[in-house]
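Below is one structure, written out as structure tokens; comments come after it.
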Amino acid sequence: MRAIQAKPIRFPRNFVWGVATAAPQIEGAACEDGKGESTWDRFCRVPGKVLHGDTLDVACDHYHRYAEDCAMMGRLGIKNYRFSIAWPRIHPQGDSALNQKGLDFYQRLLDALEQNGITPWVTMFHWDLPQALEDRGGWRWRGTVDAFARYADTIVRAFGPRVKHWFTLNEIQCFTSMSYREVSRPPGLALGEAVVNQTYHHALLCHGHGVRAVREQGGRGARVGLIDNSFVPIPVTDCPADVAAAREVFVEANIRVLDPIYRGEYSPVYQRIVGADGPQVAPGDFALIGLPTDFLGLNIYFGHFVRAGADGRPERLALPAAYPHTDCAWLKLTPQSLYWGPRLAAEVYAAKSIYISENGCGYSDEPVVDGECRDLHRRDYLRTYLGELHRAIGDGAPIHGYFVWSLLDNFEWQDGYTSRFGICHVDFATLRRTPKLSADWYANVIRENRLV
Ligand code: FCB
């Protein structure tokens, strides 16, 4: 019998392979060493907001176990680690006193990464707003922008000599419209469109300050960009009409964030959508918001099917209830999203460098049996999605790296600890870590720089 030669699915040289986490989801030590309260610390305590009343108090206890976690990454051969800095650890009240012990923790973490040959990729803000700022209006209040500017200056000055890759904000939508229109995220208010648009505007200004801080204080070779959870349309077929429909939906659905950042203005389409509820803009705002960035981070888990409707207008297709999904109902298995997301971002905004800053899958029950966690479903998910990412690179999309969400099972926001996204299992009773089968598989992909 003649053996069939499979064509290797190789990634470009110097492709960045990594894993991602965020401070509030893993650190714990919520009240330790001078850390201030965050909006999520407060929100957890509101009955009914987080499944089983889970809190961030201990989480994965990474604050005390960071050395063990870095060593585990080292053993797996992971060379790039995206993590976030907890703003309330640095400025516990948001804008006043500096907490030296907070800075010291991240210096220790950077030491441990260095010892294990791991490059840090730092997110300035991953949703843990100091509660003291929320008490003064949070994202509704322009004072939060000034506070963020100071915070960004502080951390870039402190860590700039050691950190060369910065992400400003993670997923603006998740702390603006999901927090001040929908009630699922802190502070959980149901306010009007004008307020929500203002919160977006303030977030965009903070992104601008993040870029400014890196340019002013980041030192040689420092690079910076935003992370967006862009809405990803998937054309039902590759015919030009469906692809054009997908492009139109991409522009409209992402108009609040990508348009102002890449074009330095609110476009006529945006003005038409928001009408009289548009935000108040001060002179100079767009100079800050539109500061050129070095890359775009895209967090992509799923996409939405789109086609050209009978009238030529784009039509969004709702998925049937039985469409395959992970244990998180929102996470439909749509690997094509990893093809179309970066491709459309590159086409529409001429994004020159794109990193998939998060991609992964959540399941509820992944027991460790005989020392092993056989998450074959996660291995399949990653392999299928990475195949589509590879196809996008082959078609010319400028994708330079990929970060799995997440290193560890962790606090998955409203779902508490039920939804497990880690490639390493965490036993939340003992806090013991066990790399899952998917971690070993991913370690192999990294080592070989190809799908195996
Ligand atoms: C993203 C978040 C991240 C994680 C994943 C599952 O939206 O950025 O913190 O919760 O979803």
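Labels used: A, B, ... for chains in the order of the structure tokens, numbers from 1 for residues in each chain, and numbers from 1 for ligands as shown.
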Report as an MDAnalysis selection string all protein, DNA and RNA residues lying within 12 Å of Cys70 of chain A, evaluated on only C-alpha atoms, omitting residues in the same chain fewer than 3 positions from it. chainID A and resid 19 62:67 73:83 108:120 407:408 433
With 7 Å as the cut-off and only C-alpha atoms and all ligand atoms counted, what is the closest atom pair between each nearby residue of chain A and ligand 1? Distances in Å to one decimal, ordered by chain and number, as a Markdown table.
| residue | atom | partner | partner_atom_place_in_ligand_line | distance |
| --- | --- | --- | --- | --- |
| A:Ala22 | CA | ligand 1 | 9 (O) | 6.2 |
| A:Asn170 | CA | ligand 1 | 8 (O) | 6.3 |
| A:Glu171 | CA | ligand 1 | 8 (O) | 6.3 |
| A:Asn299 | CA | ligand 1 | 1 (C) | 6.9 |
| A:Trp405 | CA | ligand 1 | 5 (C) | 6.7 |
| A:Glu412 | CA | ligand 1 | 10 (O) | 5.1 |
| A:Trp413 | CA | ligand 1 | 10 (O) | 6.4 |
| A:Phe421 | CA | ligand 1 | 6 (C) | 6.8 |
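Within segment 20-191 of chain A, residues classed as strand (DSSP E or B) by DSSP on backbone coordinates are Ala20, Ser38, Asn80, Tyr81, Arg82, Phe83, Ser84, Thr119, Pro120, Trp121, Val122, Thr123, Met124, Phe125, Pro130, His165, Trp166, Phe167, Thr168, Leu169 and Asn170 of chain A.
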May I ask which of the residues A:Thr154, A:Val368, A:Asp327, A:Asn449 is the closest one to Arg432 of chain A, counting only C-alpha atoms?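 For Arg432 of chain A, the nearest of the given residues is A:Val368.
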Sorted per-residue table, segment 108-163 of chain A near segment 206-209 of chain A, closest atoms and distance, 9 Å, only C-alpha atoms, as a tab-separated table:
residue	atom	partner	partner_atom	distance
A:Thr144	CA	A:Cys206	CA	8.5
A:Val145	CA	A:Cys206	CA	5.5
A:Asp146	CA	A:Cys206	CA	8.2
A:Phe148	CA	A:Cys206	CA	6.2
A:Ala149	CA	A:His209	CA	5.4
A:Arg150	CA	A:His209	CA	8.9
A:Ala152	CA	A:His209	CA	7.2
A:Asp153	CA	A:His209	CA	8.5
Of the candidates A:His91, A:Arg316, A:Arg383, A:Arg256, which one gets nearest to Thr199 of chain A if we count only C-alpha atoms? A:Arg256
If we count only C-alpha atoms, what is near Ser230 of chain A at a cut-off of 10 Å, once residues fewer than 5 positions away on the same chain are taken out, given as a list in words? Glu171, Ile172, Gln173, Phe250, Val251, Ala253, Asn254, Ile255, Val257, Leu258, Gly297, Leu298, Asn299, Ile300, Gly303, Gly341, Pro342 and Ala345 of chain A
Between atom CA of Lys101 of chain A and atom CA of Gly36 of chain A, what is the distance in Å, rounded to a tenth?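 Between atom CA of Lys101 of chain A and atom CA of Gly36 of chain A the gap works out to 11.9 Å.
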Please identify all polymer residues within 12 Å of Thr168 of chain A, counting only C-alpha atoms, omitting same-chain residues fewer than 2 positions from it, and present them as a short mmCIF file (atom, residue, chain, number, x, y, z; two decimals) with all heavy atoms, in the first residue's frame.
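Contents of result-v5.cif, freshly written:
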data_model
loop_
_atom_site.label_atom_id
_atom_site.label_comp_id
_atom_site.auth_asym_id
_atom_site.auth_seq_id
_atom_site.Cartn_x
_atom_site.Cartn_y
_atom_site.Cartn_z
N PHE A 83 -0.67 38.92 29.72
CA PHE A 83 -1.37 39.05 31.01
C PHE A 83 -1.75 40.51 31.19
O PHE A 83 -1.26 41.38 30.46
CB PHE A 83 -0.47 38.58 32.16
CG PHE A 83 0.77 39.41 32.36
CD1 PHE A 83 0.79 40.46 33.28
CD2 PHE A 83 1.93 39.16 31.63
CE1 PHE A 83 1.94 41.24 33.47
CE2 PHE A 83 3.07 39.93 31.80
CZ PHE A 83 3.08 40.97 32.73
N SER A 84 -2.63 40.78 32.16
CA SER A 84 -2.99 42.19 32.38
C SER A 84 -2.52 42.65 33.75
O SER A 84 -2.31 41.85 34.66
CB SER A 84 -4.50 42.40 32.23
OG SER A 84 -5.19 41.99 33.39
N ILE A 85 -2.36 43.96 33.85
CA ILE A 85 -2.03 44.58 35.13
C ILE A 85 -3.33 45.05 35.77
O ILE A 85 -4.19 45.61 35.09
CB ILE A 85 -1.06 45.76 34.91
CG1 ILE A 85 0.28 45.20 34.40
CG2 ILE A 85 -0.86 46.57 36.18
CD1 ILE A 85 1.33 46.26 34.12
N TRP A 121 3.60 40.18 27.14
CA TRP A 121 2.70 41.00 26.33
C TRP A 121 1.67 41.53 27.31
O TRP A 121 0.86 40.76 27.83
CB TRP A 121 2.03 40.16 25.24
CG TRP A 121 2.99 39.63 24.23
CD1 TRP A 121 3.96 38.69 24.43
CD2 TRP A 121 3.08 40.02 22.84
NE1 TRP A 121 4.64 38.47 23.25
CE2 TRP A 121 4.12 39.26 22.27
CE3 TRP A 121 2.37 40.92 22.04
CZ2 TRP A 121 4.49 39.39 20.92
CZ3 TRP A 121 2.71 41.04 20.70
CH2 TRP A 121 3.76 40.28 20.16
N VAL A 122 1.71 42.82 27.61
CA VAL A 122 0.94 43.35 28.74
C VAL A 122 -0.30 44.12 28.30
O VAL A 122 -0.22 45.04 27.49
CB VAL A 122 1.85 44.25 29.60
CG1 VAL A 122 1.05 44.90 30.72
CG2 VAL A 122 2.99 43.43 30.19
N THR A 123 -1.44 43.73 28.87
CA THR A 123 -2.68 44.47 28.67
C THR A 123 -2.81 45.48 29.82
O THR A 123 -2.72 45.10 30.98
CB THR A 123 -3.90 43.53 28.72
OG1 THR A 123 -3.63 42.38 27.93
CG2 THR A 123 -5.15 44.22 28.22
N MET A 124 -3.03 46.74 29.46
CA MET A 124 -3.14 47.77 30.51
C MET A 124 -4.45 47.66 31.29
O MET A 124 -4.50 47.91 32.48
CB MET A 124 -3.05 49.16 29.89
CG MET A 124 -1.73 49.44 29.22
SD MET A 124 -1.76 51.10 28.48
CE MET A 124 -0.12 51.15 27.79
N PHE A 125 -5.52 47.31 30.56
CA PHE A 125 -6.83 47.29 31.23
C PHE A 125 -7.67 46.13 30.72
O PHE A 125 -8.03 46.06 29.56
CB PHE A 125 -7.57 48.61 31.00
CG PHE A 125 -8.93 48.63 31.65
CD1 PHE A 125 -9.06 48.70 33.02
CD2 PHE A 125 -10.08 48.55 30.88
CE1 PHE A 125 -10.31 48.68 33.63
CE2 PHE A 125 -11.35 48.54 31.48
CZ PHE A 125 -11.46 48.61 32.85
N HIS A 126 -7.99 45.21 31.65
CA HIS A 126 -8.86 44.08 31.30
C HIS A 126 -10.03 44.08 32.30
O HIS A 126 -10.19 43.16 33.09
CB HIS A 126 -8.06 42.78 31.34
CG HIS A 126 -8.68 41.65 30.57
ND1 HIS A 126 -8.03 40.96 29.57
CD2 HIS A 126 -9.91 41.07 30.64
CE1 HIS A 126 -8.81 40.01 29.08
NE2 HIS A 126 -9.96 40.06 29.71
N TRP A 127 -10.76 45.20 32.34
CA TRP A 127 -12.08 45.32 32.95
C TRP A 127 -12.13 45.59 34.46
O TRP A 127 -13.22 45.82 34.99
CB TRP A 127 -12.95 44.09 32.67
CG TRP A 127 -13.04 43.70 31.24
CD1 TRP A 127 -12.54 44.39 30.17
CD2 TRP A 127 -13.68 42.55 30.69
NE1 TRP A 127 -12.83 43.73 28.99
CE2 TRP A 127 -13.52 42.59 29.28
CE3 TRP A 127 -14.36 41.47 31.26
CZ2 TRP A 127 -14.03 41.60 28.44
CZ3 TRP A 127 -14.87 40.50 30.41
CH2 TRP A 127 -14.71 40.56 29.03
N PHE A 148 -6.88 57.29 33.94
CA PHE A 148 -6.23 56.25 33.13
C PHE A 148 -4.91 56.77 32.56
O PHE A 148 -3.91 56.04 32.51
CB PHE A 148 -7.14 55.77 31.99
CG PHE A 148 -6.51 54.67 31.18
CD1 PHE A 148 -6.63 53.34 31.57
CD2 PHE A 148 -5.74 54.97 30.06
CE1 PHE A 148 -6.00 52.32 30.84
CE2 PHE A 148 -5.11 53.96 29.33
CZ PHE A 148 -5.25 52.64 29.72
N ALA A 149 -4.91 58.03 32.14
CA ALA A 149 -3.68 58.60 31.57
C ALA A 149 -2.54 58.51 32.58
O ALA A 149 -1.42 58.12 32.24
CB ALA A 149 -3.93 60.05 31.15
N TYR A 151 -2.38 56.44 35.19
CA TYR A 151 -2.09 55.01 35.41
C TYR A 151 -1.20 54.46 34.28
O TYR A 151 -0.20 53.78 34.53
CB TYR A 151 -3.42 54.25 35.51
CG TYR A 151 -3.33 52.76 35.30
CD1 TYR A 151 -2.62 51.94 36.19
CD2 TYR A 151 -3.99 52.14 34.22
CE1 TYR A 151 -2.56 50.56 35.99
CE2 TYR A 151 -3.93 50.77 34.02
CZ TYR A 151 -3.20 49.99 34.91
OH TYR A 151 -3.14 48.63 34.70
N ALA A 152 -1.55 54.81 33.03
CA ALA A 152 -0.76 54.31 31.90
C ALA A 152 0.67 54.84 32.00
O ALA A 152 1.65 54.10 31.79
CB ALA A 152 -1.41 54.73 30.58
N ASP A 153 0.81 56.12 32.33
CA ASP A 153 2.16 56.68 32.50
C ASP A 153 2.94 55.92 33.57
O ASP A 153 4.11 55.59 33.40
CB ASP A 153 2.08 58.16 32.89
CG ASP A 153 1.75 59.05 31.68
OD1 ASP A 153 2.06 58.64 30.55
OD2 ASP A 153 1.17 60.14 31.88
N ILE A 155 2.59 52.80 34.72
CA ILE A 155 3.03 51.43 34.43
C ILE A 155 4.04 51.38 33.28
O ILE A 155 4.95 50.57 33.30
CB ILE A 155 1.85 50.45 34.20
CG1 ILE A 155 0.93 50.91 33.07
CG2 ILE A 155 1.06 50.22 35.48
CD1 ILE A 155 -0.17 49.91 32.73
N VAL A 156 3.87 52.27 32.31
CA VAL A 156 4.84 52.22 31.20
C VAL A 156 6.21 52.70 31.71
O VAL A 156 7.24 52.14 31.34
CB VAL A 156 4.35 53.03 29.98
CG1 VAL A 156 5.40 53.02 28.88
CG2 VAL A 156 3.03 52.46 29.44
N HIS A 165 5.87 44.93 24.39
CA HIS A 165 4.60 44.72 23.67
C HIS A 165 3.44 45.10 24.59
O HIS A 165 3.27 44.47 25.64
CB HIS A 165 4.45 43.26 23.25
CG HIS A 165 5.66 42.73 22.53
ND1 HIS A 165 5.91 42.99 21.20
CD2 HIS A 165 6.70 42.00 22.97
CE1 HIS A 165 7.05 42.43 20.85
NE2 HIS A 165 7.56 41.82 21.90
N TRP A 166 2.71 46.11 24.20
CA TRP A 166 1.62 46.62 25.04
C TRP A 166 0.29 46.55 24.31
O TRP A 166 0.19 46.94 23.14
CB TRP A 166 1.88 48.09 25.39
CG TRP A 166 3.08 48.32 26.26
CD1 TRP A 166 4.36 48.59 25.85
CD2 TRP A 166 3.10 48.32 27.70
NE1 TRP A 166 5.18 48.76 26.95
CE2 TRP A 166 4.44 48.61 28.10
CE3 TRP A 166 2.14 48.11 28.69
CZ2 TRP A 166 4.82 48.69 29.44
CZ3 TRP A 166 2.52 48.20 30.02
CH2 TRP A 166 3.85 48.48 30.38
N ASN A 170 -8.77 45.90 26.66
CA ASN A 170 -9.34 44.66 26.17
C ASN A 170 -10.84 44.81 25.94
O ASN A 170 -11.59 45.11 26.88
CB ASN A 170 -9.11 43.54 27.20
CG ASN A 170 -9.64 42.20 26.71
OD1 ASN A 170 -9.09 41.61 25.79
ND2 ASN A 170 -10.74 41.74 27.29
N GLU A 171 -11.30 44.64 24.70
CA GLU A 171 -12.72 44.54 24.36
C GLU A 171 -13.57 45.66 24.96
O GLU A 171 -14.29 45.46 25.95
CB GLU A 171 -13.27 43.18 24.81
CG GLU A 171 -12.54 42.00 24.21
CD GLU A 171 -13.25 40.67 24.50
OE1 GLU A 171 -14.28 40.67 25.18
OE2 GLU A 171 -12.73 39.64 24.04
N ILE A 172 -13.50 46.82 24.35
CA ILE A 172 -14.21 48.00 24.85
C ILE A 172 -15.71 47.73 25.07
O ILE A 172 -16.29 48.15 26.08
CB ILE A 172 -14.01 49.19 23.86
CG1 ILE A 172 -12.55 49.67 23.95
CG2 ILE A 172 -14.98 50.33 24.15
CD1 ILE A 172 -12.19 50.80 23.00
N ALA A 203 -13.62 55.51 26.59
CA ALA A 203 -12.72 54.35 26.43
C ALA A 203 -11.75 54.59 25.28
O ALA A 203 -10.55 54.30 25.39
CB ALA A 203 -13.53 53.08 26.21
N LEU A 204 -12.25 55.15 24.18
CA LEU A 204 -11.37 55.42 23.03
C LEU A 204 -10.26 56.41 23.43
O LEU A 204 -9.10 56.27 23.01
CB LEU A 204 -12.18 55.99 21.86
CG LEU A 204 -13.17 55.02 21.19
CD1 LEU A 204 -14.10 55.78 20.25
CD2 LEU A 204 -12.45 53.91 20.45
N LEU A 205 -10.63 57.39 24.25
CA LEU A 205 -9.62 58.36 24.71
C LEU A 205 -8.56 57.66 25.57
O LEU A 205 -7.37 57.97 25.48
CB LEU A 205 -10.29 59.48 25.51
CG LEU A 205 -11.10 60.48 24.68
CD1 LEU A 205 -11.96 61.36 25.60
CD2 LEU A 205 -10.17 61.37 23.85
N CYS A 206 -9.01 56.71 26.39
CA CYS A 206 -8.04 55.97 27.22
C CYS A 206 -7.10 55.17 26.33
O CYS A 206 -5.88 55.14 26.58
CB CYS A 206 -8.76 55.04 28.19
SG CYS A 206 -9.60 55.94 29.49
N HIS A 207 -7.65 54.55 25.31
CA HIS A 207 -6.77 53.84 24.37
C HIS A 207 -5.72 54.81 23.84
O HIS A 207 -4.52 54.49 23.81
CB HIS A 207 -7.61 53.25 23.22
CG HIS A 207 -6.79 52.97 22.00
ND1 HIS A 207 -5.93 51.91 21.90
CD2 HIS A 207 -6.66 53.67 20.83
CE1 HIS A 207 -5.32 51.94 20.73
NE2 HIS A 207 -5.73 53.00 20.06
N GLY A 208 -6.16 56.00 23.44
CA GLY A 208 -5.22 57.01 22.92
C GLY A 208 -4.14 57.34 23.94
O GLY A 208 -2.96 57.45 23.59
N HIS A 209 -4.54 57.47 25.20
CA HIS A 209 -3.54 57.77 26.23
C HIS A 209 -2.56 56.60 26.42
O HIS A 209 -1.39 56.82 26.71
CB HIS A 209 -4.22 58.09 27.56
CG HIS A 209 -4.59 59.54 27.67
ND1 HIS A 209 -3.66 60.55 27.63
CD2 HIS A 209 -5.80 60.15 27.77
CE1 HIS A 209 -4.27 61.73 27.73
NE2 HIS A 209 -5.57 61.52 27.80
N GLY A 210 -3.08 55.39 26.24
CA GLY A 210 -2.20 54.21 26.33
C GLY A 210 -1.13 54.28 25.24
O GLY A 210 0.06 54.05 25.50
N VAL A 211 -1.55 54.63 24.03
CA VAL A 211 -0.60 54.73 22.92
C VAL A 211 0.40 55.86 23.21
O VAL A 211 1.62 55.69 23.07
CB VAL A 211 -1.34 54.98 21.58
CG1 VAL A 211 -0.34 55.15 20.43
CG2 VAL A 211 -2.32 53.85 21.28
N ARG A 212 -0.15 57.00 23.64
CA ARG A 212 0.72 58.15 23.95
C ARG A 212 1.77 57.78 25.00
O ARG A 212 2.97 58.07 24.84
CB ARG A 212 -0.14 59.32 24.45
CG ARG A 212 0.65 60.55 24.84
CD ARG A 212 -0.13 61.50 25.76
NE ARG A 212 -0.72 60.85 26.92
CZ ARG A 212 -0.05 60.44 28.00
NH1 ARG A 212 1.26 60.58 28.07
NH2 ARG A 212 -0.69 59.86 29.02
N ALA A 213 1.31 57.09 26.06
CA ALA A 213 2.24 56.74 27.14
C ALA A 213 3.37 55.85 26.61
O ALA A 213 4.54 56.04 26.97
CB ALA A 213 1.48 56.04 28.27
N VAL A 214 3.03 54.90 25.75
CA VAL A 214 4.07 54.00 25.21
C VAL A 214 5.04 54.78 24.32
O VAL A 214 6.25 54.59 24.38
CB VAL A 214 3.44 52.81 24.46
CG1 VAL A 214 4.50 52.01 23.71
CG2 VAL A 214 2.68 51.91 25.44
N ARG A 223 6.08 48.64 21.29
CA ARG A 223 4.99 48.61 20.30
C ARG A 223 3.67 48.52 21.05
O ARG A 223 3.60 47.97 22.15
CB ARG A 223 5.14 47.40 19.38
CG ARG A 223 6.53 47.38 18.71
CD ARG A 223 6.65 46.32 17.62
NE ARG A 223 6.09 45.06 17.99
CZ ARG A 223 5.33 44.32 17.17
NH1 ARG A 223 5.07 44.73 15.96
NH2 ARG A 223 4.86 43.15 17.56
N VAL A 224 2.62 49.04 20.42
CA VAL A 224 1.35 49.13 21.15
C VAL A 224 0.17 49.02 20.19
O VAL A 224 0.24 49.42 19.03
CB VAL A 224 1.30 50.46 21.96
CG1 VAL A 224 1.42 51.69 21.06
CG2 VAL A 224 0.04 50.55 22.81
N GLY A 225 -0.93 48.46 20.70
CA GLY A 225 -2.17 48.36 19.92
C GLY A 225 -3.35 48.06 20.82
O GLY A 225 -3.18 47.77 22.01
N LEU A 226 -4.52 48.12 20.24
CA LEU A 226 -5.78 47.86 20.96
C LEU A 226 -6.15 46.39 20.80
O LEU A 226 -5.73 45.74 19.84
CB LEU A 226 -6.89 48.71 20.34
CG LEU A 226 -8.31 48.52 20.89
CD1 LEU A 226 -8.47 49.27 22.20
CD2 LEU A 226 -9.37 48.98 19.90
N ILE A 227 -6.96 45.89 21.71
CA ILE A 227 -7.58 44.57 21.51
C ILE A 227 -9.07 44.76 21.33
O ILE A 227 -9.74 45.35 22.18
CB ILE A 227 -7.33 43.64 22.71
CG1 ILE A 227 -5.84 43.26 22.76
CG2 ILE A 227 -8.20 42.39 22.59
CD1 ILE A 227 -5.49 42.33 23.88
N ASP A 228 -9.59 44.26 20.23
CA ASP A 228 -11.03 44.40 19.96
C ASP A 228 -11.66 43.02 19.78
O ASP A 228 -11.03 42.11 19.24
CB ASP A 228 -11.23 45.24 18.69
CG ASP A 228 -12.69 45.61 18.50
OD1 ASP A 228 -13.35 45.95 19.51
OD2 ASP A 228 -13.18 45.58 17.36
N ILE A 289 -7.26 59.79 19.86
CA ILE A 289 -7.90 58.51 19.52
C ILE A 289 -7.27 57.90 18.26
O ILE A 289 -7.11 56.68 18.17
CB ILE A 289 -9.42 58.73 19.30
CG1 ILE A 289 -10.09 59.08 20.63
CG2 ILE A 289 -10.08 57.51 18.66
CD1 ILE A 289 -11.54 59.54 20.51
N THR A 293 -1.12 53.12 15.62
CA THR A 293 -0.74 51.99 16.47
C THR A 293 0.19 51.07 15.66
O THR A 293 0.35 51.25 14.46
CB THR A 293 -1.98 51.19 16.90
OG1 THR A 293 -2.71 50.84 15.73
CG2 THR A 293 -2.87 52.00 17.83
N ASP A 294 0.76 50.08 16.34
CA ASP A 294 1.68 49.17 15.65
C ASP A 294 1.00 47.88 15.22
O ASP A 294 1.50 47.17 14.36
CB ASP A 294 2.85 48.83 16.57
CG ASP A 294 3.61 50.09 16.97
OD1 ASP A 294 4.10 50.78 16.06
OD2 ASP A 294 3.66 50.41 18.18
N PHE A 295 -0.09 47.53 15.91
CA PHE A 295 -0.79 46.29 15.55
C PHE A 295 -2.21 46.36 16.11
O PHE A 295 -2.54 47.24 16.91
CB PHE A 295 -0.06 45.06 16.09
CG PHE A 295 0.35 45.16 17.54
CD1 PHE A 295 -0.58 45.13 18.56
CD2 PHE A 295 1.70 45.30 17.88
CE1 PHE A 295 -0.19 45.22 19.89
CE2 PHE A 295 2.10 45.41 19.20
CZ PHE A 295 1.14 45.37 20.21
N LEU A 296 -3.00 45.38 15.68
CA LEU A 296 -4.35 45.24 16.21
C LEU A 296 -4.47 43.84 16.82
O LEU A 296 -4.09 42.85 16.18
CB LEU A 296 -5.37 45.39 15.06
CG LEU A 296 -6.84 45.10 15.41
CD1 LEU A 296 -7.38 46.13 16.40
CD2 LEU A 296 -7.70 45.10 14.15
N GLY A 297 -4.97 43.79 18.04
CA GLY A 297 -5.26 42.49 18.66
C GLY A 297 -6.73 42.15 18.42
O GLY A 297 -7.59 43.00 18.64
#
Have a look at A:Pro12, A:Pro240, A:Gly264, A:Gly275 and name the one nearest to Ala308 of chain A; count only C-alpha atoms.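 Under the stated criterion, the closest residue is A:Pro240.
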What's around Leu451 of chain A at 9 Å? Count only C-alpha atoms, leave out sequence neighbours fewer than 5 positions away in its own chain, and write the answer as a count of residues only. 11
Near-Val183 of chain A list (12 Å; only C-alpha atoms; drop same-chain fewer than 5 positions) as a PyMOL selection string: chain A and resi 43+48-50+174-178+188-191+414
Test item: residues at most 12 Å from Arg379 of chain A, only C-alpha atoms, excluding those fewer than 3 positions along its chain, as a PyMOL selection string: chain A and resi 360-361+373-376+382-386+404+421-423+436-445+451-452
Pairwise distance for atom CA of Gly394 of chain A and atom CA of Val306 of chain A, rounded to one decimal in Å: 23.0 Å
Please indicate the distance in Å from atom CA of Pro88 of chain A to atom CA of Gly28 of chain A, rounded to one decimal place. 12.7 Å
Of the residues A:Tyr270, A:Trp141, A:Phe167, A:Tyr349, which is the one nearest to Val195 of chain A, using only C-alpha atoms?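 Looking at the shortest contact to Val195 of chain A, the residue is A:Trp141.
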Run DSSP on the backbone and tell me which residues of segment 177-257 of chain A come out as alpha helix (DSSP H); list them as a PyMOL selection string. chain A and resi 177-180+193-217+240-253
Can I get the selected residues back with C-alpha atoms, as a compact mmCIF listing (two decimals), in the first residue's frame?
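Resulting contents of part17.txt:
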# COMPACT_ATOMS: atom_id res chain seq x y z
CA SER A 177 -22.51 48.68 26.35
CA MET A 178 -22.52 45.47 28.39
CA SER A 179 -22.12 47.49 31.58
CA TYR A 180 -24.26 50.58 31.05
CA GLU A 193 -27.86 55.34 24.21
CA ALA A 194 -26.39 58.80 24.74
CA VAL A 195 -24.70 57.61 27.95
CA VAL A 196 -23.48 54.42 26.32
CA ASN A 197 -21.97 56.34 23.39
CA GLN A 198 -20.20 58.61 25.86
CA THR A 199 -18.69 55.60 27.66
CA TYR A 200 -17.30 54.38 24.33
CA HIS A 201 -15.84 57.80 23.65
CA HIS A 202 -14.09 57.85 27.03
CA ALA A 203 -12.72 54.35 26.43
CA LEU A 204 -11.37 55.42 23.03
CA LEU A 205 -9.62 58.36 24.71
CA CYS A 206 -8.04 55.97 27.22
CA HIS A 207 -6.77 53.84 24.37
CA GLY A 208 -5.22 57.01 22.92
CA HIS A 209 -3.54 57.77 26.23
CA GLY A 210 -2.20 54.21 26.33
CA VAL A 211 -0.60 54.73 22.92
CA ARG A 212 0.72 58.15 23.95
CA ALA A 213 2.24 56.74 27.14
CA VAL A 214 4.07 54.00 25.21
CA ARG A 215 5.38 56.50 22.65
CA GLU A 216 6.56 58.90 25.38
CA GLN A 217 7.90 56.46 27.96
CA PRO A 240 -18.58 38.26 -4.54
CA ALA A 241 -22.07 39.35 -3.46
CA ASP A 242 -21.91 37.43 -0.17
CA VAL A 243 -18.35 38.61 0.51
CA ALA A 244 -19.44 42.22 -0.15
CA ALA A 245 -22.35 41.72 2.24
CA ALA A 246 -19.95 40.44 4.91
CA ARG A 247 -17.70 43.47 4.38
CA GLU A 248 -20.62 45.85 4.79
CA VAL A 249 -21.74 44.15 8.00
CA PHE A 250 -18.15 44.21 9.31
CA VAL A 251 -17.97 47.99 8.87
CA GLU A 252 -21.36 48.69 10.40
CA ALA A 253 -21.04 46.32 13.33
Calculated over only C-alpha atoms, which of the candidates A:Ile399, A:Arg42, A:Gly284, A:Pro233 has the smallest distance to Leu317 of chain A?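 Looking only at the distances to Leu317 of chain A, the closest residue turns out to be A:Pro233.
Among the candidate residues A:Pro47, A:Pro260, A:Pro187, A:Gly290, the one lying nearest to Arg136 of chain A is A:Pro187, with distances computed using only C-alpha atoms.
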